[in-house]
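Novice: File follows, target.txt with compact mmCIF, C-alpha atoms and all ligand atoms:
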```txt
# COMPACT_ATOMS: atom_id res chain seq x y z
CA LYS A 4 108.36 63.88 51.06
CA PRO A 5 111.34 65.81 49.69
CA ASN A 6 114.86 65.09 50.89
CA THR A 7 116.39 68.50 51.69
CA VAL A 8 119.97 69.62 52.46
CA THR A 9 121.31 73.15 53.12
CA CYS A 10 125.00 74.10 53.07
CA THR A 11 127.10 77.26 52.92
CA ALA A 12 130.36 77.98 51.09
CA PRO A 13 132.60 81.03 51.44
CA VAL A 14 134.23 83.18 48.82
CA ASN A 15 137.94 82.77 48.09
CA ILE A 16 140.27 85.59 47.08
CA ALA A 17 143.20 84.68 44.84
CA VAL A 18 146.69 85.94 45.63
CA ILE A 19 148.10 84.26 42.51
CA LYS A 20 145.44 84.84 39.87
CA TYR A 21 143.78 82.43 37.49
CA TRP A 22 143.28 84.13 34.10
CA GLY A 23 142.95 82.15 30.88
CA LYS A 24 141.71 78.70 29.87
CA ARG A 25 143.27 76.03 27.69
CA ASN A 26 139.91 74.21 27.49
CA GLU A 27 136.68 76.22 27.69
CA GLU A 28 134.28 73.34 28.20
CA LEU A 29 136.16 71.49 30.93
CA ILE A 30 137.44 74.79 32.38
CA LEU A 31 141.14 73.95 32.38
CA PRO A 32 143.45 76.89 33.17
CA ILE A 33 146.68 78.01 31.52
CA ASN A 34 148.33 78.47 34.94
CA SER A 35 148.01 77.30 38.53
CA SER A 36 146.60 79.72 41.11
CA LEU A 37 146.44 80.15 44.88
CA SER A 38 143.83 81.72 47.12
CA VAL A 39 142.66 82.24 50.67
CA THR A 40 139.18 80.96 51.50
CA LEU A 41 137.38 83.40 53.78
CA HIS A 42 135.67 82.58 57.03
CA GLN A 43 132.20 81.05 56.81
CA ASP A 44 130.31 83.91 58.45
CA GLN A 45 130.73 86.60 55.79
CA LEU A 46 130.70 86.69 52.00
CA LYS A 47 129.16 83.31 51.48
CA THR A 48 126.55 81.46 49.48
CA THR A 49 123.82 79.40 51.12
CA THR A 50 122.25 76.70 48.98
CA THR A 51 119.34 74.38 49.63
CA VAL A 52 118.74 71.40 47.40
CA ALA A 53 115.57 69.33 47.58
CA THR A 54 114.89 66.09 45.70
CA SER A 55 111.51 64.48 45.38
CA ARG A 56 109.85 61.79 43.38
CA SER A 57 107.12 64.30 42.62
CA PHE A 58 109.35 66.96 41.01
CA GLN A 59 108.81 67.05 37.26
CA GLU A 60 112.04 68.78 36.27
CA ASP A 61 115.26 70.26 37.65
CA ARG A 62 114.82 73.93 38.62
CA ILE A 63 117.01 76.64 40.15
CA TRP A 64 116.39 79.95 41.93
CA LEU A 65 119.24 82.43 42.51
CA ASN A 66 118.56 85.11 45.10
CA GLY A 67 114.85 84.39 44.78
CA LYS A 68 114.62 84.57 41.00
CA GLU A 69 114.22 81.49 38.84
CA GLU A 70 117.14 81.04 36.42
CA ASP A 71 117.73 78.86 33.39
CA ILE A 72 118.64 75.35 34.52
CA THR A 73 119.84 74.45 31.02
CA HIS A 74 122.94 76.65 31.50
CA PRO A 75 125.80 74.39 30.33
CA ARG A 76 127.90 74.86 33.48
CA LEU A 77 125.00 73.97 35.76
CA GLN A 78 124.31 70.96 33.58
CA SER A 79 127.97 69.85 33.87
CA CYS A 80 127.80 69.91 37.67
CA LEU A 81 124.47 68.09 37.84
CA ARG A 82 125.62 65.50 35.33
CA GLU A 83 128.92 64.80 37.11
CA ILE A 84 127.33 64.44 40.56
CA ARG A 85 124.65 62.10 39.17
CA ARG A 86 127.36 60.12 37.41
CA LEU A 87 129.15 59.59 40.74
CA ALA A 88 125.89 58.63 42.46
CA ARG A 89 125.03 56.13 39.75
CA LYS A 90 128.55 54.69 39.89
CA ARG A 91 128.25 54.14 43.63
CA ARG A 92 124.96 52.34 43.21
CA ASN A 93 126.30 50.22 40.36
CA ASP A 94 129.32 49.38 42.51
CA GLY A 95 126.82 47.53 44.66
CA ASP A 96 125.87 49.62 47.66
CA PRO A 97 122.26 48.45 48.08
CA ALA A 98 121.53 51.18 50.61
CA LEU A 99 121.70 53.60 47.72
CA ASP A 100 118.76 52.09 45.88
CA SER A 101 116.44 54.31 47.82
CA MET A 102 118.57 57.40 47.28
CA GLY A 103 116.64 58.52 44.27
CA PHE A 104 119.64 59.88 42.41
CA SER A 105 117.48 59.92 39.32
CA HIS A 106 114.97 62.21 41.02
CA LYS A 107 114.76 65.81 39.89
CA VAL A 108 116.19 68.56 42.09
CA HIS A 109 115.01 71.98 43.12
CA ILE A 110 117.93 74.29 43.97
CA CYS A 111 117.68 77.54 45.86
CA SER A 112 120.82 79.65 46.32
CA ILE A 113 121.36 82.97 48.10
CA ASN A 114 124.43 85.22 48.23
CA ASP A 115 124.96 87.56 51.17
CA PHE A 116 126.95 89.98 48.96
CA PRO A 117 126.36 91.63 45.58
CA THR A 118 126.51 89.18 42.67
CA ALA A 119 128.93 90.00 39.84
CA ALA A 120 130.51 92.94 41.68
CA GLY A 121 133.85 91.21 41.19
CA LEU A 122 133.67 89.52 44.57
CA ALA A 123 133.95 85.96 43.33
CA SER A 124 130.30 85.10 43.81
CA SER A 125 130.47 82.37 41.17
CA ALA A 126 133.24 80.71 43.18
CA ALA A 127 131.16 80.40 46.35
CA GLY A 128 128.03 79.66 44.29
CA PHE A 129 129.30 76.66 42.35
CA ALA A 130 131.34 75.32 45.29
CA CYS A 131 128.19 75.40 47.38
CA LEU A 132 126.02 73.88 44.67
CA VAL A 133 128.37 70.95 44.11
CA TYR A 134 128.87 70.31 47.81
CA THR A 135 125.14 70.46 48.59
CA LEU A 136 124.31 68.14 45.67
CA SER A 137 126.96 65.72 46.93
CA ARG A 138 125.25 65.63 50.34
CA VAL A 139 121.81 65.12 48.82
CA PHE A 140 123.00 62.25 46.63
CA ASP A 141 125.40 60.97 49.29
CA VAL A 142 128.50 60.90 47.12
CA GLU A 143 132.01 61.39 48.40
CA GLY A 144 135.47 61.92 47.08
CA GLU A 145 137.31 64.52 45.07
CA LEU A 146 134.67 67.11 44.26
CA SER A 147 136.88 70.07 43.32
CA GLY A 148 137.09 68.76 39.74
CA ILE A 149 133.30 69.02 39.51
CA ALA A 150 133.12 72.50 41.08
CA ARG A 151 135.81 73.57 38.58
CA GLN A 152 133.41 72.73 35.75
CA GLY A 153 130.93 75.23 37.19
CA SER A 154 133.45 78.06 37.50
CA GLY A 155 137.22 77.71 37.59
CA SER A 156 137.75 79.62 40.81
CA ALA A 157 134.99 77.57 42.51
CA CYS A 158 137.29 74.56 42.87
CA ARG A 159 139.38 76.52 45.41
CA SER A 160 136.34 77.23 47.64
CA MET A 161 135.94 73.48 48.24
CA TYR A 162 138.70 73.76 50.86
CA GLY A 163 139.31 76.18 53.72
CA GLY A 164 142.48 78.08 54.45
CA PHE A 165 145.17 78.42 51.78
CA VAL A 166 144.34 76.53 48.62
CA GLN A 167 146.12 75.97 45.34
CA TRP A 168 144.47 74.98 42.10
CA ILE A 169 147.01 72.83 40.32
CA MET A 170 146.57 73.45 36.60
CA GLY A 171 147.29 69.82 35.62
CA GLN A 172 148.58 68.53 32.30
CA LYS A 173 145.99 66.02 31.11
CA ASP A 174 143.58 66.81 28.28
CA ASP A 175 140.64 65.32 30.20
CA GLY A 176 141.31 67.59 33.21
CA LYS A 177 141.46 64.74 35.74
CA ASP A 178 144.59 66.26 37.31
CA SER A 179 143.30 69.87 37.38
CA LEU A 180 142.23 69.95 41.03
CA ALA A 181 142.32 72.07 44.15
CA GLN A 182 144.53 71.13 47.08
CA GLN A 183 144.87 72.65 50.55
CA VAL A 184 148.29 74.21 51.15
CA ALA A 185 147.63 75.07 54.81
CA PRO A 186 144.46 74.88 56.94
CA GLU A 187 142.49 77.92 58.17
CA THR A 188 144.09 77.57 61.62
CA HIS A 189 147.60 77.99 60.20
CA TRP A 190 147.83 81.80 60.19
CA PRO A 191 145.17 83.13 62.59
CA GLU A 192 146.54 86.72 62.59
CA LEU A 193 145.90 87.17 58.88
CA ARG A 194 142.93 89.41 58.05
CA VAL A 195 141.03 90.27 54.92
CA LEU A 196 139.31 93.62 54.41
CA VAL A 197 137.04 94.38 51.49
CA LEU A 198 136.98 98.02 50.41
CA VAL A 199 133.80 98.43 48.43
CA VAL A 200 134.67 100.93 45.72
CA SER A 201 131.57 100.24 43.67
CA PHE A 202 128.24 98.58 44.37
CA ALA A 203 127.56 98.20 40.65
CA GLU A 204 125.82 94.88 40.11
CA ARG A 205 127.42 94.02 36.78
CA LYS A 206 131.00 94.30 35.70
CA PRO A 207 131.62 95.68 32.20
CA VAL A 208 133.41 92.54 30.97
CA GLY A 209 132.75 89.26 32.76
CA SER A 210 135.76 87.12 33.65
CA THR A 211 134.77 84.29 31.29
CA SER A 212 134.72 86.41 28.14
CA GLY A 213 137.50 88.71 29.37
CA MET A 214 139.96 85.87 29.81
CA GLN A 215 138.94 84.46 26.42
CA THR A 216 139.93 87.72 24.69
CA SER A 217 143.14 87.86 26.75
CA VAL A 218 144.16 84.33 25.68
CA GLN A 219 143.51 85.26 22.05
CA THR A 220 145.33 88.60 22.03
CA SER A 221 147.79 89.07 24.90
CA ARG A 222 151.36 87.86 24.56
CA LEU A 223 152.00 89.17 28.04
CA LEU A 224 149.44 86.67 29.36
CA LYS A 225 151.26 83.80 27.62
CA HIS A 226 154.57 84.98 29.11
CA ARG A 227 152.96 85.30 32.54
CA ALA A 228 151.44 81.79 32.45
CA GLU A 229 154.58 80.09 31.16
CA SER A 230 157.42 82.00 32.77
CA VAL A 231 156.14 83.98 35.78
CA VAL A 232 153.41 82.08 37.62
CA PRO A 233 155.26 78.76 38.12
CA GLY A 234 158.00 80.49 40.12
CA ARG A 235 155.50 82.63 42.02
CA MET A 236 153.49 79.56 43.06
CA VAL A 237 156.61 78.05 44.67
CA LYS A 238 157.47 81.31 46.43
CA MET A 239 153.89 81.91 47.58
CA ILE A 240 153.56 78.42 49.07
CA GLU A 241 156.83 79.00 50.94
CA ALA A 242 155.66 82.41 52.17
CA VAL A 243 152.41 80.89 53.48
CA GLN A 244 154.20 77.99 55.14
CA ARG A 245 156.71 80.33 56.84
CA LYS A 246 153.96 82.90 57.60
CA ASP A 247 156.23 85.48 56.01
CA PHE A 248 153.85 88.43 55.62
CA THR A 249 156.29 90.62 53.68
CA ALA A 250 156.89 87.96 51.03
CA PHE A 251 153.18 87.05 50.92
CA ALA A 252 152.14 90.69 50.55
CA GLU A 253 154.67 91.63 47.88
CA LEU A 254 153.88 88.60 45.73
CA THR A 255 150.15 89.28 46.13
CA MET A 256 150.42 92.90 44.97
CA LYS A 257 152.78 92.09 42.09
CA ASP A 258 150.52 89.32 40.88
CA SER A 259 147.42 91.51 41.01
CA ASN A 260 149.30 94.21 39.11
CA GLN A 261 150.45 91.77 36.46
CA PHE A 262 146.96 90.38 36.04
CA HIS A 263 145.64 93.91 35.42
CA ALA A 264 148.57 94.56 33.09
CA THR A 265 147.51 91.55 31.00
CA CYS A 266 144.00 93.06 30.90
CA LEU A 267 145.50 96.26 29.46
CA ASP A 268 147.58 94.15 27.04
CA THR A 269 144.36 92.48 25.86
CA TYR A 270 142.98 93.91 22.62
CA PRO A 271 140.60 95.67 22.91
CA PRO A 272 141.84 96.42 26.44
CA ILE A 273 139.84 95.57 29.55
CA PHE A 274 139.75 98.03 32.46
CA TYR A 275 138.74 96.64 35.82
CA LEU A 276 140.43 99.20 38.07
CA SER A 277 138.76 102.57 38.57
CA SER A 278 140.46 105.80 39.62
CA VAL A 279 139.39 105.04 43.20
CA SER A 280 141.07 101.61 42.93
CA GLN A 281 144.25 103.38 41.82
CA GLN A 282 144.02 105.71 44.79
CA VAL A 283 143.77 102.68 47.09
CA ILE A 284 146.91 101.25 45.47
CA ASN A 285 148.75 104.53 46.07
CA LEU A 286 147.51 104.73 49.65
CA VAL A 287 148.77 101.20 50.41
CA HIS A 288 152.23 101.94 49.01
CA ARG A 289 152.44 105.26 50.88
CA TYR A 290 151.28 103.58 54.07
CA ASN A 291 153.90 100.84 53.77
CA ARG A 292 156.63 103.38 52.94
CA HIS A 293 155.64 105.48 55.96
CA TYR A 294 156.17 102.52 58.31
CA GLY A 295 159.27 101.32 56.47
CA GLU A 296 157.81 97.81 56.14
CA THR A 297 155.18 96.01 54.12
CA ARG A 298 152.19 95.92 56.45
CA VAL A 299 149.35 95.90 53.93
CA ALA A 300 148.71 94.26 50.54
CA TYR A 301 145.97 94.89 47.99
CA THR A 302 144.58 92.61 45.32
CA PHE A 303 141.85 93.21 42.72
CA ASP A 304 139.82 90.67 40.72
CA ALA A 305 137.66 91.42 37.70
CA GLY A 306 136.22 94.58 39.25
CA PRO A 307 137.22 97.79 41.07
CA ASN A 308 136.73 96.62 44.68
CA ALA A 309 139.94 96.28 46.68
CA VAL A 310 140.67 93.27 48.82
CA ILE A 311 143.26 94.04 51.48
CA TYR A 312 145.39 91.48 53.30
CA MET A 313 147.04 92.47 56.58
CA LEU A 314 147.89 91.24 60.06
CA GLN A 315 145.31 91.75 62.80
CA GLN A 316 147.49 94.15 64.80
CA HIS A 317 147.48 96.71 61.98
CA VAL A 318 143.77 96.68 61.14
CA PRO A 319 142.54 99.61 63.31
CA GLU A 320 145.27 101.94 62.10
CA PHE A 321 144.85 101.08 58.45
CA VAL A 322 141.07 101.47 58.64
CA GLN A 323 141.69 104.91 60.13
CA ALA A 324 143.98 105.82 57.24
CA VAL A 325 141.33 104.67 54.76
CA GLN A 326 138.66 106.71 56.53
CA HIS A 327 140.95 109.73 56.55
CA PHE A 328 141.71 109.60 52.82
CA PHE A 329 138.25 108.45 51.78
CA PRO A 330 135.83 110.23 54.11
CA PRO A 331 132.42 108.55 53.80
CA GLU A 332 130.85 111.70 52.30
CA SER A 333 133.40 111.68 49.43
CA ASN A 334 131.69 108.76 47.76
CA GLY A 335 128.03 109.06 48.62
CA GLY A 336 128.79 107.58 52.02
CA GLN A 337 129.44 104.24 50.42
CA PHE A 338 133.16 103.79 50.40
CA VAL A 339 133.87 102.29 53.78
CA LYS A 340 130.31 101.26 54.43
CA GLY A 341 129.92 97.66 55.37
CA LEU A 342 133.61 97.01 55.60
CA PRO A 343 133.72 93.37 56.59
CA VAL A 344 136.75 92.10 58.45
CA ASN A 345 136.98 88.42 57.82
CA HIS A 346 138.90 86.04 59.97
CA VAL A 347 140.81 83.44 58.14
CA ALA A 348 140.89 81.38 61.29
C1 LIG A 401 140.11 87.42 38.34
O1 LIG A 401 136.46 81.60 38.01
O2 LIG A 401 135.03 83.63 37.57
O3 LIG A 401 138.82 86.26 39.97
O4 LIG A 401 136.19 79.92 35.18
O5 LIG A 401 135.16 81.49 33.54
O6 LIG A 401 133.99 80.97 35.68
P1 LIG A 401 135.32 81.12 34.99
O7 LIG A 401 136.06 82.37 35.64
P2 LIG A 401 136.19 82.79 37.18
O8 LIG A 401 137.50 83.70 37.09
C2 LIG A 401 138.08 84.27 38.22
C3 LIG A 401 139.14 85.22 37.80
C4 LIG A 401 139.74 86.06 38.93
C5 LIG A 401 141.04 85.45 39.44
C6 LIG A 401 140.92 84.26 40.40
O9 LIG A 401 139.94 84.16 41.14
O10 LIG A 401 141.89 83.49 40.41
```
Could you write out this structure as structure tokens?
Ligand code: DP6
Specialist:
Amino acid sequence: KPNTVTCTAPVNIAVIKYWGKRNEELILPINSSLSVTLHQDQLKTTTTVATSRSFQEDRIWLNGKEEDITHPRLQSCLREIRRLARKRRNDGDPALDSMGFSHKVHICSINDFPTAAGLASSAAGFACLVYTLSRVFDVEGELSGIARQGSGSACRSMYGGFVQWIMGQKDDGKDSLAQQVAPETHWPELRVLVLVVSFAERKPVGSTSGMQTSVQTSRLLKHRAESVVPGRMVKMIEAVQRKDFTAFAELTMKDSNQFHATCLDTYPPIFYLSSVSQQVINLVHRYNRHYGETRVAYTFDAGPNAVIYMLQQHVPEFVQAVQHFFPPESNGGQFVKGLPVNHVA
């Protein structure tokens, strides 16, 4: 009889971006980063893992389609979880003899949002995989270092609320871990809106290869990692702790802009923002100028969709402004369709 566990993990959206690795295999970043993990009920991955004596091999299905289990990042996660399980048994917990950590697993994972549309699906996906495997094999402890080896940004989805990924210094990556800065209850008025600019399933340049080219060619990226991000991390943590929306919003927008500037500084250049993304940027700045205060912030990952941070009290008015400037018929009726408002609380 198979032993089965199902878990969900939400997406996280970085406000200080991770871009660039110092070690490709272990997934060690060139700078620390900070993100907000969204609420569990939208933009999440649901993963079921079954183990059974009768399974012949490890297998995985993503959104109903069987995928290649030999993918190196999947193998890293499976290997690390099994290593922890074996260690626990060897440390002499006899109850674990029946755990069957050597049994093969069948993994089934489903996203409730478009994969590879730049909405951090790999983050929720690997966080969920690692957490679900840990439940199946009954291992505990610091799991963000394992999720990191699936996809860098995944380590931040192992915690709720406001989470930093500390880059670490060690060559073996043992100190490159996620840490909660503040829990999800800390800033209940904060809201996240996703403006779906494009439903395209695949981005032109994936983040893994994009950041590789950036590390090789962009001096701006090196400057950013060494001289800009460390100071921004300190300021961002302070802004979160003080619930200072203006400081939070301005740092978020500047960091998104600098990330996209490093993409342009990459050779050949990488373009993630579309003309509609640029219009959203202009709209946000005009909106803030109109009210004489910073009420809304945008951030963009490796794709054209805008993620908007704002306080709850301003959501209806901003949504109205978006609908005014981007009437549904202007973009095949798709622009504001399915606009999810996620609670961070
Ligand atoms: C722009 O975590 O997807 O979303 O580590 O190669 O899997 P890999 O990259 P990934 O990169 C995310 C980049 C980003 C910024 C961020 O989430 O911090």
Novice: Name all residues at most 9 Å from A:Ser160 (count only C-alpha atoms; drop same-chain ones fewer than 4 positions away) and give them as a VMD selection string.
Specialist: chain A and resid 12 to 15 38 to 41 126 to 127 129 to 131 147 150 156 166 181
Novice: Could you work out an axis-aligned box for ligand LIG 401 (chain A), taking every atom the file lists and adding 3 Å on each side, and report centre and edge lengths in Å to one decimal, as JSON?
Specialist:
```
{"center_x": 137.9, "center_y": 83.7, "center_z": 37.3, "size_x": 13.9, "size_y": 13.5, "size_z": 13.6}
```
Novice: Would you work out the distance separating atom CA of A:Val237 from atom CA of A:Asp258, expressed in Å to one decimal?
Specialist: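 If I compute the distance from atom CA of A:Val237 to atom CA of A:Asp258, I get 13.4 Å.
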Novice: Kindly give the distance, in Å, that separates atom CA of A:Ser105 and atom CA of A:Gly153, rounded to a single decimal.
Specialist: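 About the pair atom CA of A:Ser105 and atom CA of A:Gly153: they are 20.5 Å apart.
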Novice: Which one of A:Ile169, A:Val283, A:Ile110, A:Met236 sits closest to A:Val199 if you count all atoms listed in the file?
Specialist: A:Val283
Novice: Dump as CSV the rows for residues of chain A within 10 Å of ligand LIG 401 (chain A): closest atom pair and distance in Å with one decimal, all atoms listed in the file counted, ordered by chain and rising residue number.
Specialist:
```
residue,atom,partner,partner_atom,distance
A:Val14,CA,A:LIG401,O9,9.6
A:Asn15,CA,A:LIG401,O9,7.4
A:Ile16,CA,A:LIG401,O9,6.1
A:Ala17,CA,A:LIG401,O10,4.8
A:Val18,CA,A:LIG401,O10,7.5
A:Ile19,CA,A:LIG401,O10,6.6
A:Lys20,CA,A:LIG401,O10,3.8
A:Tyr21,CA,A:LIG401,O10,3.6
A:Trp22,CA,A:LIG401,C3,5.7
A:Gly23,CA,A:LIG401,O5,8.3
A:Lys24,CA,A:LIG401,O4,7.8
A:Glu27,CA,A:LIG401,O5,8.0
A:Glu28,CA,A:LIG401,O4,9.8
A:Leu29,CA,A:LIG401,O4,9.4
A:Ile30,CA,A:LIG401,O4,6.0
A:Leu31,CA,A:LIG401,O4,8.2
A:Pro32,CA,A:LIG401,O4,8.1
A:Asn34,CA,A:LIG401,O10,9.8
A:Ser35,CA,A:LIG401,O10,8.9
A:Ser36,CA,A:LIG401,O10,6.1
A:Leu37,CA,A:LIG401,O10,7.2
A:Ser38,CA,A:LIG401,O10,7.2
A:Arg76,CA,A:LIG401,O6,8.9
A:Ala119,CA,A:LIG401,O2,9.1
A:Gly121,CA,A:LIG401,O3,7.1
A:Leu122,CA,A:LIG401,O3,7.6
A:Ala123,CA,A:LIG401,O3,5.9
A:Ser124,CA,A:LIG401,O2,8.0
A:Ser125,CA,A:LIG401,O2,5.9
A:Ala126,CA,A:LIG401,O1,6.2
A:Ala127,CA,A:LIG401,O1,10.0
A:Phe129,CA,A:LIG401,O6,9.2
A:Ala150,CA,A:LIG401,O4,10.0
A:Arg151,CA,A:LIG401,O4,7.2
A:Gln152,CA,A:LIG401,O4,7.7
A:Gly153,CA,A:LIG401,O6,6.7
A:Ser154,CA,A:LIG401,O6,3.5
A:Gly155,CA,A:LIG401,O4,3.4
A:Ser156,CA,A:LIG401,O1,3.7
A:Ala157,CA,A:LIG401,O1,6.2
A:Cys158,CA,A:LIG401,O1,8.6
A:Arg159,CA,A:LIG401,O9,8.8
A:Gln167,CA,A:LIG401,O10,9.9
A:Trp168,CA,A:LIG401,O10,9.1
A:Gly209,CA,A:LIG401,O2,7.7
A:Ser210,CA,A:LIG401,O8,5.2
A:Thr211,CA,A:LIG401,O5,3.6
A:Ser212,CA,A:LIG401,O5,7.3
A:Gly213,CA,A:LIG401,O5,8.7
A:Met214,CA,A:LIG401,O5,7.5
A:Gln215,CA,A:LIG401,O5,8.6
A:Ser259,CA,A:LIG401,C1,8.8
A:Phe262,CA,A:LIG401,C1,7.8
A:His263,CA,A:LIG401,C1,9.0
A:Tyr275,CA,A:LIG401,C1,9.7
A:Thr302,CA,A:LIG401,C1,9.8
A:Phe303,CA,A:LIG401,C1,7.5
A:Asp304,CA,A:LIG401,C1,4.0
A:Ala305,CA,A:LIG401,C1,4.7
A:Gly306,CA,A:LIG401,C1,8.2
```
Novice: Ranking A:Asp71, A:Leu196, A:Val184, A:Glu145 by minimum distance to A:Pro319 and counting all atoms listed in the file, which one comes first?
Specialist: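 Among the listed residues, the smallest separation from A:Pro319 belongs to A:Leu196.
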Novice: Identify, on the basis of all atoms listed in the file, every residue whose closest approach to A:Lys68 does not exceed 10 Å; exclude the query and any residue fewer than 5 positions from it along the same chain; express the result as a list in words.
Specialist: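 Listed by chain and then number, they are Ile63, Cys111, Ser112 and Ile113 of chain A.
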Novice: Take atom CA of A:Asn6 and atom CA of A:Thr50 and report the distance between them in Å, one decimal.
Specialist: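 Interatomic distance here is 13.9 Å.
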Novice: Calculated over all atoms listed in the file, which of the candidates A:Asn308, A:Thr188, A:Gln261, A:Gln219 has the smallest distance to A:Gln281?
Specialist: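 Answer, going by the shortest atom-to-atom distance: A:Asn308.
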Novice: Tell me which protein, DNA and RNA residues are within 8 Å of A:Phe58, counting only C-alpha atoms, leaving out same-chain ones fewer than 6 positions away, and put them as a tab-separated table (two decimals) with C-alpha atoms, keeping the file's coordinate frame.
Specialist:
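Saved to selection.tsv:
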```
chain	number	residue	atom	x	y	z
A	106	HIS	CA	114.97	62.21	41.02
A	107	LYS	CA	114.76	65.81	39.89
A	108	VAL	CA	116.19	68.56	42.09
A	109	HIS	CA	115.01	71.98	43.12
```
Novice: In terms of the shortest atom-to-atom distance over only C-alpha atoms, which of A:Val197, A:Met161, A:Met256, A:Ile33 is closest to A:Ser179?
Specialist: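 Residue with the minimum atom-to-atom distance to A:Ser179: A:Ile33.
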Novice: Neighbours of A:Thr135 within 8 Å (all atoms listed in the file; same-chain residues fewer than 2 positions away dropped), as a PyMOL selection string?
Specialist: chain A and resi 8-10+50-52+131-133+137-139
Novice: How would the residues just chosen look if you wrote them out with C-alpha atoms as a PDB file, keeping the file's coordinate frame?
Specialist:
```
ATOM      1  CA  VAL A   8     119.970  69.620  52.460  1.00  0.00           C
ATOM      2  CA  THR A   9     121.310  73.150  53.120  1.00  0.00           C
ATOM      3  CA  CYS A  10     125.000  74.100  53.070  1.00  0.00           C
ATOM      4  CA  THR A  50     122.250  76.700  48.980  1.00  0.00           C
ATOM      5  CA  THR A  51     119.340  74.380  49.630  1.00  0.00           C
ATOM      6  CA  VAL A  52     118.740  71.400  47.400  1.00  0.00           C
ATOM      7  CA  CYS A 131     128.190  75.400  47.380  1.00  0.00           C
ATOM      8  CA  LEU A 132     126.020  73.880  44.670  1.00  0.00           C
ATOM      9  CA  VAL A 133     128.370  70.950  44.110  1.00  0.00           C
ATOM     10  CA  SER A 137     126.960  65.720  46.930  1.00  0.00           C
ATOM     11  CA  ARG A 138     125.250  65.630  50.340  1.00  0.00           C
ATOM     12  CA  VAL A 139     121.810  65.120  48.820  1.00  0.00           C
TER      13      VAL A 139
END
```
